[in-house]
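K.L.:
One structure, as structure tokens, below. Some questions next.
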Amino acid sequence: MFTGLIQCIGEIASKRHQGNEAVISVRSKFASLMLGESIAVNGACLSVTGFRGTEFDVFASRETLDVTSIGSLTNGAKVNLEKAVTLSTPLGGHLVTGHVDTRVQLLHRHTENEAVRFQFALPESPELTQQIAPKGSIALDGVSLTVNTVHTQFFEVMIIPITLEHTTLAGLQKGALVNLETDILAKYVSRRLDGETNKPNGSDISLETLLQNGFMR
């Protein structure tokens, strides 16, 4: 589990494909690591398989390469890094699992004073789209963000200066693909609503009920 608060920016040192899987070496500022510990690389939860000096290795499965942007990273690419939370870690962002749902494309970026407004295409999956709500939480390339607005074809987030300075988001240009993970609470609500909709006899739980009781806005 992660918080979406990036701890440092790493750099891809090498990527070695092994059939439809890969071993990726990352340079970072992490001083100490343990074999098997989880690290979110651009929002994808990966396990450390080796480390030496300032580099560590992670294994990327076929699923990871297919669903995330990890497979398209090249040597020298910058990546957002975050170690897994502990019981004493302040939860300053939101609960992020590191299980990337899909990739979304940056459609437009516009500077507003010192911040930047980013406009991303909504996911192709209607199920994922309904999990993105105004003022709700979302993780893009592992960064915890608040959704500003949601339209029929896109959603927007506002990136403040400190986030631009300490993550890779500042370097994103139009057309870039980023890893998207919707909020875990939105997943459970969506699943429950879908299950109730498909029940033969229906249920007392509805969108109106959730809105009235403060579960949705």
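Labels for the structure tokens follow display order: chains A, B, ..., residues from 1 in each chain, ligands from 1.
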Dump as CSV the rows for residues of segment 54-100 of chain A within 10 Å of segment 119-140 of chain A: closest atom pair and distance in Å with one decimal, only C-alpha atoms counted, ordered by chain and rising residue number.
P.N.:
residue,atom,partner,partner_atom,distance
A:Gly93,CA,A:Ser137,CA,8.7
A:His94,CA,A:Ser137,CA,7.0
A:Leu95,CA,A:Ser137,CA,9.1
A:Val96,CA,A:Ala139,CA,7.2
A:Thr97,CA,A:Ala139,CA,9.7
A:Gly98,CA,A:Ala139,CA,9.0
A:Val100,CA,A:Ala139,CA,8.8
K.L.:
Write out the residues from the selection above, keeping N, CA and C atoms, as a JSON list (two decimals), in the first residue's frame.
P.N.:
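Resulting contents of again-v4.json:
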[["chain", "number", "residue", "atom", "x", "y", "z"],
["A", 93, "GLY", "N", -1.48, 11.56, 1.45],
["A", 93, "GLY", "CA", -2.18, 11.54, 0.17],
["A", 93, "GLY", "C", -3.49, 10.79, 0.32],
["A", 94, "HIS", "N", -3.62, 9.65, -0.38],
["A", 94, "HIS", "CA", -4.76, 8.76, -0.18],
["A", 94, "HIS", "C", -4.27, 7.33, -0.35],
["A", 95, "LEU", "N", -5.10, 6.36, -0.03],
["A", 95, "LEU", "CA", -4.68, 4.97, -0.12],
["A", 95, "LEU", "C", -4.52, 4.55, -1.59],
["A", 96, "VAL", "N", -3.30, 4.21, -1.95],
["A", 96, "VAL", "CA", -2.96, 3.80, -3.32],
["A", 96, "VAL", "C", -2.43, 2.37, -3.26],
["A", 97, "THR", "N", -2.99, 1.47, -4.04],
["A", 97, "THR", "CA", -2.58, 0.06, -3.98],
["A", 97, "THR", "C", -1.36, -0.24, -4.84],
["A", 98, "GLY", "N", -1.12, 0.58, -5.87],
["A", 98, "GLY", "CA", -0.04, 0.27, -6.80],
["A", 98, "GLY", "C", -0.47, -0.69, -7.89],
["A", 100, "VAL", "N", -2.17, -0.66, -11.07],
["A", 100, "VAL", "CA", -2.58, 0.27, -12.12],
["A", 100, "VAL", "C", -3.77, -0.29, -12.90]]
K.L.:
Can you list, as a PDB file with C-alpha atoms, in the first residue's frame, every protein, DNA or RNA residue that comes within 10 Å of Phe30 of chain A when you count only C-alpha atoms, leaving out same-chain residues fewer than 4 positions away?
P.N.:
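File produced: around-v2.pdb:
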ATOM      1  CA  GLN A   7       9.645  10.233  -2.221  1.00  0.00           C
ATOM      2  CA  CYS A   8      12.153  10.706  -5.022  1.00  0.00           C
ATOM      3  CA  GLY A  10      14.581   7.740 -10.108  1.00  0.00           C
ATOM      4  CA  GLY A  53      24.985   0.871  -4.579  1.00  0.00           C
ATOM      5  CA  THR A  54      22.493   3.394  -5.935  1.00  0.00           C
ATOM      6  CA  GLU A  55      20.663   0.890  -8.166  1.00  0.00           C
ATOM      7  CA  PHE A  56      17.913  -1.635  -7.490  1.00  0.00           C
ATOM      8  CA  LEU A  81       9.316   6.308  -6.741  1.00  0.00           C
ATOM      9  CA  GLU A  82       7.625   5.582  -3.431  1.00  0.00           C
ATOM     10  CA  LYS A  83       8.309   2.892  -0.848  1.00  0.00           C
TER      11      LYS A  83
END
K.L.:
When DSSP is applied to the backbone of this structure, which of segment 2-207 of chain A are assigned strand (DSSP E)? Write them out as a ChimeraX atom specification.
P.N.:
/A:8-18,21-27,38-41,44-52,55-60,78-83,102-112,115-121,137-140,143-150,154-159,177-182
K.L.:
Which polymer residues have any atom within 12 Å of an atom of Val79 of chain A, counting only C-alpha atoms, with same-chain residues fewer than 2 positions away left out, as a PyMOL selection string?
P.N.:
chain A and resi 6-13+24-28+39-44+69-70+72-77+81-82+140-143+166-172+178-179
K.L.:
Would you output that residue set with N, CA and C atoms, as a tab-separated table (two decimals), in the first residue's frame?
P.N.:
chain	number	residue	atom	x	y	z
A	6	ILE	N	5.19	11.13	-3.65
A	6	ILE	CA	6.44	10.65	-4.23
A	6	ILE	C	7.63	11.01	-3.35
A	7	GLN	N	8.49	10.01	-3.10
A	7	GLN	CA	9.65	10.23	-2.22
A	7	GLN	C	10.89	10.67	-2.97
A	8	CYS	N	11.04	10.24	-4.21
A	8	CYS	CA	12.15	10.71	-5.02
A	8	CYS	C	11.90	10.34	-6.49
A	9	ILE	N	12.63	11.00	-7.36
A	9	ILE	CA	12.58	10.68	-8.79
A	9	ILE	C	13.78	9.80	-9.13
A	10	GLY	N	13.51	8.65	-9.71
A	10	GLY	CA	14.58	7.74	-10.11
A	10	GLY	C	14.83	7.81	-11.60
A	11	GLU	N	15.78	6.99	-12.06
A	11	GLU	CA	16.14	6.96	-13.48
A	11	GLU	C	16.34	5.52	-13.91
A	12	ILE	N	15.77	5.17	-15.05
A	12	ILE	CA	15.93	3.81	-15.57
A	12	ILE	C	17.37	3.62	-16.03
A	13	ALA	N	18.06	2.65	-15.41
A	13	ALA	CA	19.45	2.37	-15.77
A	13	ALA	C	19.52	1.34	-16.89
A	24	ILE	N	14.04	-4.70	-14.59
A	24	ILE	CA	14.36	-3.28	-14.77
A	24	ILE	C	15.26	-2.81	-13.64
A	25	SER	N	16.34	-2.13	-13.99
A	25	SER	CA	17.25	-1.55	-13.00
A	25	SER	C	16.97	-0.06	-12.91
A	26	VAL	N	16.87	0.43	-11.68
A	26	VAL	CA	16.52	1.83	-11.44
A	26	VAL	C	17.56	2.47	-10.52
A	27	ARG	N	18.03	3.65	-10.91
A	27	ARG	CA	18.90	4.44	-10.02
A	27	ARG	C	18.03	5.30	-9.13
A	28	SER	N	18.37	5.37	-7.85
A	28	SER	CA	17.56	6.17	-6.94
A	28	SER	C	18.40	6.70	-5.79
A	39	ILE	N	8.02	-1.38	-4.05
A	39	ILE	CA	8.27	0.01	-4.44
A	39	ILE	C	7.34	0.33	-5.60
A	40	ALA	N	6.68	1.48	-5.52
A	40	ALA	CA	5.83	1.93	-6.62
A	40	ALA	C	6.70	2.69	-7.61
A	41	VAL	N	6.76	2.19	-8.84
A	41	VAL	CA	7.51	2.83	-9.92
A	41	VAL	C	6.49	3.40	-10.90
A	42	ASN	N	6.38	4.71	-10.93
A	42	ASN	CA	5.32	5.37	-11.72
A	42	ASN	C	3.95	4.79	-11.39
A	43	GLY	N	3.77	4.49	-10.11
A	43	GLY	CA	2.48	4.02	-9.64
A	43	GLY	C	2.26	2.54	-9.71
A	44	ALA	N	3.17	1.78	-10.30
A	44	ALA	CA	3.03	0.33	-10.40
A	44	ALA	C	3.80	-0.34	-9.26
A	69	SER	N	2.67	1.73	-18.27
A	69	SER	CA	3.66	2.32	-19.18
A	69	SER	C	5.07	1.82	-18.89
A	70	ILE	N	5.21	0.90	-17.94
A	70	ILE	CA	6.54	0.39	-17.57
A	70	ILE	C	7.24	-0.22	-18.79
A	72	SER	N	7.21	0.62	-21.83
A	72	SER	CA	7.70	1.58	-22.83
A	72	SER	C	8.83	2.47	-22.31
A	73	LEU	N	9.21	2.29	-21.04
A	73	LEU	CA	10.29	3.10	-20.48
A	73	LEU	C	11.62	2.74	-21.14
A	74	THR	N	12.43	3.74	-21.41
A	74	THR	CA	13.74	3.54	-22.01
A	74	THR	C	14.83	3.97	-21.05
A	75	ASN	N	16.07	3.59	-21.32
A	75	ASN	CA	17.18	3.97	-20.47
A	75	ASN	C	17.26	5.49	-20.33
A	76	GLY	N	17.40	5.94	-19.10
A	76	GLY	CA	17.47	7.37	-18.83
A	76	GLY	C	16.14	8.01	-18.50
A	77	ALA	N	15.04	7.28	-18.69
A	77	ALA	CA	13.72	7.83	-18.38
A	77	ALA	C	13.59	8.08	-16.89
A	81	LEU	N	9.08	7.44	-7.63
A	81	LEU	CA	9.32	6.31	-6.74
A	81	LEU	C	8.71	6.56	-5.36
A	82	GLU	N	8.13	5.52	-4.80
A	82	GLU	CA	7.62	5.58	-3.43
A	82	GLU	C	7.72	4.20	-2.80
A	140	LEU	N	-1.99	9.34	-10.66
A	140	LEU	CA	-1.46	9.39	-12.02
A	140	LEU	C	0.05	9.23	-11.95
A	141	ASP	N	0.57	8.17	-12.57
A	141	ASP	CA	1.99	7.82	-12.46
A	141	ASP	C	2.43	7.78	-10.99
A	142	GLY	N	1.51	7.31	-10.15
A	142	GLY	CA	1.81	7.15	-8.73
A	142	GLY	C	1.61	8.38	-7.88
A	143	VAL	N	1.22	9.49	-8.47
A	143	VAL	CA	1.06	10.75	-7.72
A	143	VAL	C	-0.39	10.90	-7.27
A	166	HIS	N	8.73	18.05	-7.59
A	166	HIS	CA	9.21	16.80	-7.01
A	166	HIS	C	8.67	15.53	-7.69
A	167	THR	N	8.03	15.66	-8.83
A	167	THR	CA	7.56	14.50	-9.58
A	167	THR	C	7.90	14.67	-11.06
A	168	THR	N	7.61	13.65	-11.84
A	168	THR	CA	7.87	13.70	-13.28
A	168	THR	C	6.76	14.38	-14.06
A	169	LEU	N	5.68	14.78	-13.39
A	169	LEU	CA	4.54	15.35	-14.10
A	169	LEU	C	4.89	16.64	-14.83
A	170	ALA	N	5.86	17.38	-14.32
A	170	ALA	CA	6.25	18.65	-14.95
A	170	ALA	C	6.71	18.44	-16.39
A	171	GLY	N	7.29	17.28	-16.68
A	171	GLY	CA	7.83	17.03	-18.00
A	171	GLY	C	6.85	16.43	-18.98
A	172	LEU	N	5.61	16.19	-18.56
A	172	LEU	CA	4.63	15.59	-19.46
A	172	LEU	C	4.23	16.55	-20.57
A	178	VAL	N	-0.02	8.09	-19.22
A	178	VAL	CA	0.35	7.94	-17.81
A	178	VAL	C	-0.47	6.82	-17.19
A	179	ASN	N	0.08	6.22	-16.14
A	179	ASN	CA	-0.60	5.16	-15.43
A	179	ASN	C	-1.70	5.75	-14.55
K.L.:
Pick from A:Gln18, A:Thr209, A:Asn80, A:Gln105: nearest to Ala176 of chain A, with only C-alpha atoms counted?
P.N.:
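Among A:Gln18, A:Thr209, A:Asn80, A:Gln105, it is A:Gln105 that comes nearest to Ala176 of chain A.
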K.L.:
How many Å separate atom CA of Leu145 of chain A from atom CA of Arg191 of chain A?
P.N.:
22.4 Å
K.L.:
Using DSSP assignments from the backbone, pull out every residue in chain A that falls under helix (DSSP H, G or I) and give it to me as a VMD selection string.
P.N.:
chain A and resid 62 to 67 70 to 72 126 to 129 161 to 166 168 to 171 184 to 197 207 to 212
K.L.:
Keeping only N, CA and C atoms, write the selected residues as a short mmCIF file (atom, residue, chain, number, x, y, z; two decimals), in the first residue's frame.
P.N.:
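Once written, selection-v3.cif looks like this:
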data_model
loop_
_atom_site.label_atom_id
_atom_site.label_comp_id
_atom_site.auth_asym_id
_atom_site.auth_seq_id
_atom_site.Cartn_x
_atom_site.Cartn_y
_atom_site.Cartn_z
N ARG A 62 4.23 -9.95 -17.31
CA ARG A 62 3.54 -9.64 -18.58
C ARG A 62 2.36 -8.71 -18.33
N GLU A 63 1.61 -8.96 -17.26
CA GLU A 63 0.46 -8.12 -16.93
C GLU A 63 0.89 -6.67 -16.70
N THR A 64 1.99 -6.49 -15.97
CA THR A 64 2.50 -5.14 -15.71
C THR A 64 2.90 -4.45 -17.00
N LEU A 65 3.59 -5.16 -17.87
CA LEU A 65 4.03 -4.58 -19.13
C LEU A 65 2.86 -4.26 -20.06
N ASP A 66 1.79 -5.07 -19.98
CA ASP A 66 0.63 -4.86 -20.85
C ASP A 66 -0.24 -3.69 -20.38
N VAL A 67 -0.43 -3.56 -19.07
CA VAL A 67 -1.39 -2.61 -18.53
C VAL A 67 -0.78 -1.24 -18.26
N ILE A 70 5.21 0.90 -17.94
CA ILE A 70 6.54 0.39 -17.57
C ILE A 70 7.24 -0.22 -18.79
N GLY A 71 6.49 -0.90 -19.62
CA GLY A 71 7.10 -1.56 -20.78
C GLY A 71 7.68 -0.62 -21.80
N SER A 72 7.21 0.62 -21.83
CA SER A 72 7.70 1.58 -22.83
C SER A 72 8.83 2.47 -22.31
N PRO A 126 -16.09 2.14 -19.34
CA PRO A 126 -17.13 2.88 -18.63
C PRO A 126 -17.07 2.65 -17.12
N GLU A 127 -16.68 1.45 -16.71
CA GLU A 127 -16.58 1.13 -15.28
C GLU A 127 -15.55 2.01 -14.60
N LEU A 128 -14.38 2.19 -15.25
CA LEU A 128 -13.35 3.04 -14.67
C LEU A 128 -13.76 4.51 -14.71
N THR A 129 -14.43 4.91 -15.78
CA THR A 129 -14.87 6.30 -15.92
C THR A 129 -15.78 6.70 -14.78
N PRO A 161 2.83 23.87 -7.63
CA PRO A 161 4.27 23.96 -7.84
C PRO A 161 5.10 22.88 -7.15
N ILE A 162 4.81 22.55 -5.90
CA ILE A 162 5.64 21.58 -5.19
C ILE A 162 5.53 20.19 -5.83
N THR A 163 4.36 19.86 -6.37
CA THR A 163 4.19 18.58 -7.07
C THR A 163 4.94 18.59 -8.39
N LEU A 164 4.90 19.71 -9.09
CA LEU A 164 5.65 19.83 -10.34
C LEU A 164 7.15 19.68 -10.10
N GLU A 165 7.61 20.22 -8.97
CA GLU A 165 9.04 20.21 -8.66
C GLU A 165 9.55 18.83 -8.27
N HIS A 166 8.73 18.05 -7.59
CA HIS A 166 9.21 16.80 -7.01
C HIS A 166 8.67 15.53 -7.69
N THR A 168 7.61 13.65 -11.84
CA THR A 168 7.87 13.70 -13.28
C THR A 168 6.76 14.38 -14.06
N LEU A 169 5.68 14.78 -13.39
CA LEU A 169 4.54 15.35 -14.10
C LEU A 169 4.89 16.64 -14.83
N ALA A 170 5.86 17.38 -14.32
CA ALA A 170 6.25 18.65 -14.95
C ALA A 170 6.71 18.44 -16.39
N GLY A 171 7.29 17.28 -16.68
CA GLY A 171 7.83 17.03 -18.00
C GLY A 171 6.85 16.43 -18.98
N ILE A 184 -9.57 3.43 -4.31
CA ILE A 184 -10.03 2.10 -3.89
C ILE A 184 -11.45 2.14 -3.36
N LEU A 185 -11.85 3.22 -2.70
CA LEU A 185 -13.21 3.34 -2.20
C LEU A 185 -14.21 3.43 -3.36
N ALA A 186 -13.82 4.14 -4.42
CA ALA A 186 -14.68 4.24 -5.60
C ALA A 186 -14.88 2.87 -6.23
N LYS A 187 -13.85 2.03 -6.18
CA LYS A 187 -13.95 0.68 -6.74
C LYS A 187 -15.01 -0.13 -6.00
N TYR A 188 -14.99 -0.07 -4.67
CA TYR A 188 -15.93 -0.86 -3.89
C TYR A 188 -17.36 -0.35 -4.06
N VAL A 189 -17.54 0.96 -4.10
CA VAL A 189 -18.87 1.52 -4.32
C VAL A 189 -19.40 1.11 -5.69
N SER A 190 -18.52 1.21 -6.71
CA SER A 190 -18.91 0.83 -8.07
C SER A 190 -19.30 -0.64 -8.13
N ARG A 191 -18.51 -1.47 -7.47
CA ARG A 191 -18.78 -2.91 -7.47
C ARG A 191 -20.11 -3.22 -6.79
N ARG A 192 -20.35 -2.54 -5.67
CA ARG A 192 -21.60 -2.78 -4.94
C ARG A 192 -22.81 -2.34 -5.77
N LEU A 193 -22.71 -1.19 -6.38
CA LEU A 193 -23.81 -0.70 -7.20
C LEU A 193 -24.07 -1.63 -8.39
N ASP A 194 -23.00 -2.13 -9.00
CA ASP A 194 -23.14 -3.04 -10.13
C ASP A 194 -23.81 -4.33 -9.69
N GLY A 195 -23.41 -4.82 -8.52
CA GLY A 195 -24.01 -6.05 -8.00
C GLY A 195 -25.47 -5.89 -7.68
N GLU A 196 -25.83 -4.73 -7.08
CA GLU A 196 -27.22 -4.50 -6.74
C GLU A 196 -28.08 -4.32 -7.98
N THR A 197 -27.50 -3.68 -9.01
CA THR A 197 -28.24 -3.47 -10.26
C THR A 197 -28.60 -4.79 -10.91
N LEU A 207 -28.08 5.13 -6.02
CA LEU A 207 -27.26 6.34 -6.10
C LEU A 207 -27.84 7.44 -5.23
N GLU A 208 -29.16 7.54 -5.20
CA GLU A 208 -29.82 8.57 -4.39
C GLU A 208 -29.54 8.35 -2.91
N THR A 209 -29.58 7.08 -2.47
CA THR A 209 -29.30 6.75 -1.08
C THR A 209 -27.88 7.13 -0.69
N LEU A 210 -26.92 6.80 -1.56
CA LEU A 210 -25.52 7.13 -1.29
C LEU A 210 -25.31 8.63 -1.22
N LEU A 211 -25.95 9.38 -2.12
CA LEU A 211 -25.83 10.83 -2.11
C LEU A 211 -26.41 11.43 -0.84
N GLN A 212 -27.56 10.95 -0.42
CA GLN A 212 -28.23 11.47 0.76
C GLN A 212 -27.45 11.22 2.03
#
K.L.:
One number please: atom CA of Glu21 of chain A to atom CA of Met34 of chain A, in Å, one decimal.
P.N.:
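Going from atom CA of Glu21 of chain A over to atom CA of Met34 of chain A, I get 21.9 Å.
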K.L.:
May I ask for the distance between atom CA of Asp183 of chain A and atom CA of Ser88 of chain A, given in Å to one decimal place?
P.N.:
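Value for the atom CA of Asp183 of chain A-atom CA of Ser88 of chain A distance: 21.7 Å.
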K.L.:
Which of these, A:Leu35, A:Ala22, A:Val147, A:Ala115, has the shortest distance to Ser61 of chain A once you count only C-alpha atoms?
P.N.:
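The closest residue to Ser61 of chain A is A:Ala22.
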